[in-house]
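Okay, work_25.cif now, which holds mmCIF, C-alpha atoms:
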```cif
data_final
loop_
_atom_site.group_PDB
_atom_site.id
_atom_site.type_symbol
_atom_site.label_atom_id
_atom_site.label_comp_id
_atom_site.auth_asym_id
_atom_site.auth_seq_id
_atom_site.Cartn_x
_atom_site.Cartn_y
_atom_site.Cartn_z
ATOM 1 C CA MET A 1 4.963 -1.072 -22.895
ATOM 2 C CA ALA A 2 6.144 -4.311 -21.229
ATOM 3 C CA ALA A 3 8.374 -2.323 -18.862
ATOM 4 C CA SER A 4 5.303 -0.792 -17.203
ATOM 5 C CA VAL A 5 4.132 -4.291 -16.193
ATOM 6 C CA ASP A 6 7.422 -5.300 -14.515
ATOM 7 C CA PRO A 7 6.804 -3.545 -11.146
ATOM 8 C CA LEU A 8 3.391 -5.239 -11.065
ATOM 9 C CA VAL A 9 5.098 -8.621 -11.360
ATOM 10 C CA VAL A 10 7.741 -7.772 -8.754
ATOM 11 C CA GLY A 11 5.046 -6.438 -6.404
ATOM 12 C CA ARG A 12 2.986 -9.620 -6.989
ATOM 13 C CA VAL A 13 0.008 -7.563 -8.188
ATOM 14 C CA ILE A 14 0.065 -9.747 -11.290
ATOM 15 C CA GLY A 15 -0.549 -13.146 -9.808
ATOM 16 C CA ASP A 16 -2.199 -12.204 -6.513
ATOM 17 C CA VAL A 17 -4.901 -9.947 -7.989
ATOM 18 C CA VAL A 18 -4.848 -9.829 -11.786
ATOM 19 C CA ASP A 19 -3.483 -11.921 -14.627
ATOM 20 C CA MET A 20 -0.759 -10.742 -16.995
ATOM 21 C CA PHE A 21 -2.042 -7.962 -19.269
ATOM 22 C CA VAL A 22 -0.775 -5.315 -21.651
ATOM 23 C CA PRO A 23 -1.494 -1.736 -20.477
ATOM 24 C CA THR A 24 -3.373 0.176 -23.182
ATOM 25 C CA VAL A 25 -4.643 3.208 -21.249
ATOM 26 C CA ASN A 26 -2.678 5.790 -19.289
ATOM 27 C CA MET A 27 -4.050 6.214 -15.778
ATOM 28 C CA SER A 28 -2.593 8.568 -13.205
ATOM 29 C CA ALA A 29 -3.559 8.881 -9.564
ATOM 30 C CA TYR A 30 -2.648 11.527 -7.004
ATOM 31 C CA PHE A 31 -3.274 11.876 -3.285
ATOM 32 C CA GLY A 32 -2.926 15.639 -2.967
ATOM 33 C CA PRO A 33 0.421 16.519 -4.582
ATOM 34 C CA LYS A 34 1.735 12.924 -4.266
ATOM 35 C CA HIS A 35 1.774 11.036 -7.580
ATOM 36 C CA VAL A 36 1.004 7.332 -7.138
ATOM 37 C CA THR A 37 3.717 5.242 -8.769
ATOM 38 C CA ASN A 38 4.048 1.479 -8.493
ATOM 39 C CA GLY A 39 5.363 0.552 -5.057
ATOM 40 C CA CYS A 40 5.518 4.095 -3.668
ATOM 41 C CA ASP A 41 4.625 4.729 -0.032
ATOM 42 C CA ILE A 42 1.472 6.673 0.830
ATOM 43 C CA LYS A 43 0.560 7.336 4.461
ATOM 44 C CA PRO A 44 -3.038 6.476 5.412
ATOM 45 C CA SER A 45 -3.470 10.108 6.574
ATOM 46 C CA MET A 46 -2.720 11.260 2.990
ATOM 47 C CA ALA A 47 -5.304 8.857 1.551
ATOM 48 C CA VAL A 48 -8.369 9.684 3.640
ATOM 49 C CA ASN A 49 -10.112 11.058 0.529
ATOM 50 C CA PRO A 50 -10.262 9.282 -2.836
ATOM 51 C CA PRO A 51 -7.296 9.825 -5.117
ATOM 52 C CA LYS A 52 -7.600 12.186 -8.068
ATOM 53 C CA VAL A 53 -7.563 9.752 -10.969
ATOM 54 C CA THR A 54 -7.372 10.701 -14.632
ATOM 55 C CA LEU A 55 -7.281 8.418 -17.610
ATOM 56 C CA SER A 56 -6.655 8.636 -21.297
ATOM 57 C CA GLY A 57 -9.078 7.161 -23.815
ATOM 58 C CA HIS A 58 -12.032 8.472 -25.773
ATOM 59 C CA SER A 59 -15.211 9.839 -24.228
ATOM 60 C CA ASP A 60 -17.268 7.191 -26.077
ATOM 61 C CA GLU A 61 -15.387 4.439 -24.174
ATOM 62 C CA LEU A 62 -16.449 3.469 -20.664
ATOM 63 C CA TYR A 63 -14.257 2.183 -17.855
ATOM 64 C CA SER A 64 -14.568 0.521 -14.451
ATOM 65 C CA LEU A 65 -12.172 1.253 -11.604
ATOM 66 C CA VAL A 66 -11.643 -1.007 -8.596
ATOM 67 C CA MET A 67 -9.356 -0.321 -5.617
ATOM 68 C CA ILE A 68 -8.461 -3.261 -3.427
ATOM 69 C CA ASP A 69 -6.102 -4.358 -0.648
ATOM 70 C CA PRO A 70 -4.945 -7.962 -1.193
ATOM 71 C CA ASP A 71 -3.087 -7.993 2.136
ATOM 72 C CA ALA A 72 -5.971 -7.682 4.617
ATOM 73 C CA PRO A 73 -5.792 -8.019 7.531
ATOM 74 C CA SER A 74 -2.081 -8.921 7.462
ATOM 75 C CA PRO A 75 0.346 -9.479 4.555
ATOM 76 C CA SER A 76 1.531 -12.739 6.170
ATOM 77 C CA GLU A 77 -2.052 -13.989 6.642
ATOM 78 C CA PRO A 78 -4.321 -12.266 4.089
ATOM 79 C CA THR A 79 -7.473 -14.103 5.207
ATOM 80 C CA MET A 80 -9.746 -11.292 3.938
ATOM 81 C CA ARG A 81 -8.034 -11.043 0.529
ATOM 82 C CA GLU A 82 -9.155 -8.975 -1.300
ATOM 83 C CA TRP A 83 -10.600 -6.083 0.750
ATOM 84 C CA VAL A 84 -12.379 -3.758 -1.686
ATOM 85 C CA HIS A 85 -11.978 -0.032 -1.032
ATOM 86 C CA TRP A 86 -13.730 1.542 -4.022
ATOM 87 C CA ILE A 87 -15.711 0.672 -7.162
ATOM 88 C CA VAL A 88 -16.665 3.119 -9.922
ATOM 89 C CA VAL A 89 -18.238 2.028 -13.242
ATOM 90 C CA ASP A 90 -19.412 3.704 -16.466
ATOM 91 C CA MET A 91 -16.559 6.239 -16.332
ATOM 92 C CA PRO A 92 -16.018 7.918 -19.733
ATOM 93 C CA GLY A 93 -12.507 7.783 -21.178
ATOM 94 C CA GLY A 94 -10.448 10.961 -20.893
ATOM 95 C CA THR A 95 -12.197 11.882 -17.623
ATOM 96 C CA ASN A 96 -12.102 10.792 -13.983
ATOM 97 C CA PRO A 97 -14.159 8.780 -11.447
ATOM 98 C CA THR A 98 -16.434 11.727 -10.605
ATOM 99 C CA ARG A 99 -17.924 11.272 -14.103
ATOM 100 C CA GLY A 100 -18.736 7.597 -13.437
ATOM 101 C CA LYS A 101 -21.194 5.792 -11.162
ATOM 102 C CA GLU A 102 -19.842 5.015 -7.708
ATOM 103 C CA ILE A 103 -21.000 1.500 -6.814
ATOM 104 C CA LEU A 104 -19.047 1.282 -3.571
ATOM 105 C CA PRO A 105 -17.982 4.498 -1.781
ATOM 106 C CA TYR A 106 -14.270 5.075 -1.222
ATOM 107 C CA VAL A 107 -12.732 4.003 2.077
ATOM 108 C CA GLY A 108 -9.109 4.959 2.673
ATOM 109 C CA PRO A 109 -6.318 2.610 3.735
ATOM 110 C CA ARG A 110 -6.353 1.439 7.354
ATOM 111 C CA PRO A 111 -3.668 -1.262 7.502
ATOM 112 C CA PRO A 112 -3.720 -2.780 11.010
ATOM 113 C CA ILE A 113 -0.323 -4.517 10.723
ATOM 114 C CA GLY A 114 2.482 -4.732 8.198
ATOM 115 C CA ILE A 115 2.889 -3.068 4.802
ATOM 116 C CA HIS A 116 -0.206 -3.407 2.610
ATOM 117 C CA ARG A 117 -0.518 -2.997 -1.153
ATOM 118 C CA TYR A 118 -3.409 -0.864 -2.410
ATOM 119 C CA ILE A 119 -4.164 -1.511 -6.042
ATOM 120 C CA LEU A 120 -6.153 0.574 -8.523
ATOM 121 C CA VAL A 121 -7.289 -1.627 -11.415
ATOM 122 C CA LEU A 122 -8.891 -0.138 -14.530
ATOM 123 C CA PHE A 123 -10.999 -2.132 -17.004
ATOM 124 C CA ARG A 124 -12.457 -1.059 -20.361
ATOM 125 C CA GLN A 125 -16.164 -1.918 -20.530
ATOM 126 C CA LYS A 126 -17.742 -3.407 -23.631
ATOM 127 C CA ALA A 127 -20.995 -1.519 -22.940
ATOM 128 C CA PRO A 128 -22.611 0.621 -20.217
ATOM 129 C CA LEU A 129 -23.064 -1.478 -17.079
ATOM 130 C CA GLY A 130 -25.994 0.464 -15.650
ATOM 131 C CA LEU A 131 -27.162 -1.113 -12.402
ATOM 132 C CA VAL A 132 -24.387 -3.038 -10.662
ATOM 133 C CA ASP A 133 -24.993 -4.604 -7.267
ATOM 134 C CA GLN A 134 -22.786 -3.558 -4.386
ATOM 135 C CA PRO A 135 -20.647 -6.409 -3.066
ATOM 136 C CA VAL A 136 -22.244 -8.096 -0.042
ATOM 137 C CA SER A 137 -19.040 -7.483 1.915
ATOM 138 C CA ARG A 138 -15.824 -5.522 1.415
ATOM 139 C CA ALA A 139 -13.879 -8.579 2.630
ATOM 140 C CA ASN A 140 -13.025 -11.506 0.345
ATOM 141 C CA PHE A 141 -13.779 -9.567 -2.827
ATOM 142 C CA SER A 142 -12.304 -10.979 -6.038
ATOM 143 C CA THR A 143 -11.224 -8.564 -8.766
ATOM 144 C CA ARG A 144 -11.012 -11.489 -11.213
ATOM 145 C CA LEU A 145 -14.539 -12.690 -10.353
ATOM 146 C CA PHE A 146 -15.914 -9.126 -10.545
ATOM 147 C CA ALA A 147 -14.335 -8.668 -13.998
ATOM 148 C CA GLY A 148 -15.682 -12.053 -15.079
ATOM 149 C CA GLN A 149 -19.234 -11.381 -13.900
ATOM 150 C CA LEU A 150 -19.328 -8.055 -15.761
ATOM 151 C CA ASP A 151 -17.467 -9.366 -18.845
ATOM 152 C CA LEU A 152 -14.690 -6.798 -18.440
ATOM 153 C CA GLY A 153 -11.789 -8.952 -19.597
ATOM 154 C CA LEU A 154 -8.231 -8.133 -18.566
ATOM 155 C CA PRO A 155 -7.247 -4.778 -17.024
ATOM 156 C CA VAL A 156 -6.110 -1.940 -19.286
ATOM 157 C CA ALA A 157 -4.169 -0.118 -16.529
ATOM 158 C CA THR A 158 -3.086 -0.779 -12.958
ATOM 159 C CA VAL A 159 -1.076 1.117 -10.368
ATOM 160 C CA TYR A 160 -0.404 0.251 -6.745
ATOM 161 C CA PHE A 161 1.033 1.871 -3.649
ATOM 162 C CA ASN A 162 2.150 0.622 -0.264
ATOM 163 C CA SER A 163 0.834 1.844 3.056
ATOM 164 C CA GLN A 164 1.355 0.968 6.689
ATOM 165 C CA LYS A 165 -0.132 2.018 9.994
ATOM 166 C CA GLU A 166 1.175 5.362 11.128
ATOM 167 C CA PRO A 167 2.548 5.686 14.650
ATOM 168 C CA ALA A 168 0.190 7.442 17.028
ATOM 169 C CA SER A 169 1.252 11.035 17.389
ATOM 170 C CA ARG A 170 2.929 11.684 20.703
ATOM 171 C CA ARG A 171 2.005 14.620 22.845
ATOM 172 C CA ARG A 172 4.859 16.927 23.713
#
```

What would you get if you wrote out this structure as structure tokens?
Amino acid sequence: MAASVDPLVVGRVIGDVVDMFVPTVNMSAYFGPKHVTNGCDIKPSMAVNPPKVTLSGHSDELYSLVMIDPDAPSPSEPTMREWVHWIVVDMPGGTNPTRGKEILPYVGPRPPIGIHRYILVLFRQKAPLGLVDQPVSRANFSTRLFAGQLDLGLPVATVYFNSQKEPASRRR
């Protein structure tokens, strides 16, 4: 299992966003036909709608999913780190985010400059979370603080993709 953490170290997901963890749940994410694999490139136009996410686990287990961009507004000066794009809680194992409670609606990638990392982090909950307050702002979110406040512990799965601003289409 350690091999699945290596790209997260190389991509600085472990360190910048989460602490070292051992993946214990299989999570897959797709934007249309495109499978999200660590470090792959996804165009913002492909990610306008939330990814189709499925996870393993048992239906009596509940999970929280957070999607963030630690590189906002610019990878060289991430003054808004972390920008939160999506939060879903109380998601039963073996299902997908549509079965959970959306705390913060999905917003697709809109990187203004440079190549940004977009990270999906999955936590196993110890109990149903019920009412969770929306973050006051999408900017300067902290995945670690969020997990701490809700007693979520370390992630059980994480995957990230890269995205950059697409050139404006030229008229012919």

Using all atoms listed in the file, the shortest atom-to-atom distance to Asp71 (chain A) among A:Arg144, A:Lys34, A:His116, A:Lys126 belongs to A:His116

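Residues surrounding region 8-20 of chain A within 9 Å are Ser4, Val5, Asp6, Val22, Asn38, Gly39, Ile68, Pro70, Glu82, Arg117, Ile119, Val121, Ser142, Thr143, Arg144, Leu154, Pro155, Thr158, Val159 and Tyr160 of chain A [all atoms listed in the file; sequence separation below 2 positions excluded].
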
Deliver the residues from the most recent selection as a file, using C-alpha atoms, as an mmCIF file, in the frame of the given file.
```cif
data_model
loop_
_atom_site.group_PDB
_atom_site.id
_atom_site.type_symbol
_atom_site.label_atom_id
_atom_site.label_comp_id
_atom_site.auth_asym_id
_atom_site.auth_seq_id
_atom_site.Cartn_x
_atom_site.Cartn_y
_atom_site.Cartn_z
ATOM 1 C CA SER A 4 5.303 -0.792 -17.203
ATOM 2 C CA VAL A 5 4.132 -4.291 -16.193
ATOM 3 C CA ASP A 6 7.422 -5.300 -14.515
ATOM 4 C CA VAL A 22 -0.775 -5.315 -21.651
ATOM 5 C CA ASN A 38 4.048 1.479 -8.493
ATOM 6 C CA GLY A 39 5.363 0.552 -5.057
ATOM 7 C CA ILE A 68 -8.461 -3.261 -3.427
ATOM 8 C CA PRO A 70 -4.945 -7.962 -1.193
ATOM 9 C CA GLU A 82 -9.155 -8.975 -1.300
ATOM 10 C CA ARG A 117 -0.518 -2.997 -1.153
ATOM 11 C CA ILE A 119 -4.164 -1.511 -6.042
ATOM 12 C CA VAL A 121 -7.289 -1.627 -11.415
ATOM 13 C CA SER A 142 -12.304 -10.979 -6.038
ATOM 14 C CA THR A 143 -11.224 -8.564 -8.766
ATOM 15 C CA ARG A 144 -11.012 -11.489 -11.213
ATOM 16 C CA LEU A 154 -8.231 -8.133 -18.566
ATOM 17 C CA PRO A 155 -7.247 -4.778 -17.024
ATOM 18 C CA THR A 158 -3.086 -0.779 -12.958
ATOM 19 C CA VAL A 159 -1.076 1.117 -10.368
ATOM 20 C CA TYR A 160 -0.404 0.251 -6.745
#
```

Taking all atoms of region 22-26 of chain A that appear in the file, build a box with edges along x, y and z, extend it by 4 Å on every side, and state its centre and edge lengths in Å to one decimal, as AutoDock Vina command-line options.
```
--center_x -2.7 --center_y 0.2 --center_z -21.2 --size_x 11.9 --size_y 19.1 --size_z 11.9
```

Would you be able to write out as a list in words which residues have an atom within 12 Å of (-18.3, -8.8, -0.6) in the file's coordinates, counting all atoms listed in the file?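 With a cut-off of 12 Å, the residues come to Ile68, Met80, Arg81, Glu82, Trp83, Val84, His85, Trp86, Ile87, Leu104, Asp133, Gln134, Pro135, Val136, Ser137, Arg138, Ala139, Asn140, Phe141, Ser142, Thr143, Leu145 and Phe146 of chain A.
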
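From CA of Thr37 (chain A) back to CA of Ser163 (chain A), the distance works out to 12.6 Å.
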
Quiz item: Skipping near chain neighbours, those fewer than 4 positions away, what residues fall within 9 Å of Ile42 (chain A) using only C-alpha atoms, listed as a list of chain:residue names?
Solution: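 Selected residues are A:Phe31, A:Lys34, A:Val36, A:Met46, A:Ala47, A:Phe161, A:Asn162, A:Ser163, A:Gln164.
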
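Distances from A:Met67, A:Ile115, A:Leu150, A:Gln125 to Cys40 (chain A) were compared using all atoms listed in the file, and the smallest one belongs to A:Ile115.
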
Min atom-atom distance to Ser64 (chain A) from the set A:Pro105, A:Pro33, A:Pro7, A:Phe123, counting all atoms listed in the file, belongs to A:Phe123

With distances taken over all atoms listed in the file, the candidate from A:Met91, A:Ala29, A:Val107, A:Leu120 nearest Ser45 (chain A) is A:Val107

message: Please enumerate the residues selected by the PyMOL selection byres ((chain A and resi 26-28) around 10) when evaluated against the supplied file, formatted as a list of chain:residue names.
response: A:Pro23, A:Thr24, A:Val25, A:Ala29, A:Tyr30, A:His35, A:Val36, A:Thr37, A:Pro51, A:Lys52, A:Val53, A:Thr54, A:Leu55, A:Ser56, A:Gly57, A:Gly94, A:Asn96, A:Leu120, A:Val121, A:Leu122, A:Val156, A:Ala157, A:Thr158, A:Val159

Quiz item: If we count all atoms listed in the file, what is near region 109-114 of chain A at a cut-off of 6 Å, once residues fewer than 6 positions away on the same chain are taken out, given as a ChimeraX atom specification?
Solution: /A:44,74,164-165

Atom pair CA of Val48 (chain A) + CA of Arg124 (chain A), distance 26.6 Å

Query raised in the report: If you apply the PyMOL selection byres ((chain A and resi 61) around 6) to this file, what residues do you get, as a list in words?
Result: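 When the PyMOL selection byres ((chain A and resi 61) around 6) is applied, the selected residues are His58, Ser59, Asp60, Leu62, Pro92 and Gly93 of chain A.
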
- Message: Just to confirm, what's the straight-line distance from CA of Pro75 (chain A) to CA of Gly108 (chain A) in Å (one decimal)?
- Response: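 One can read the CA of Pro75 (chain A) to CA of Gly108 (chain A) distance as 17.4 Å.
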
The residue from A:Ala147, A:Tyr118, A:Tyr63, A:Pro128 with the smallest atom-to-atom distance to Thr95 (chain A), counting all atoms listed in the file, is A:Tyr63
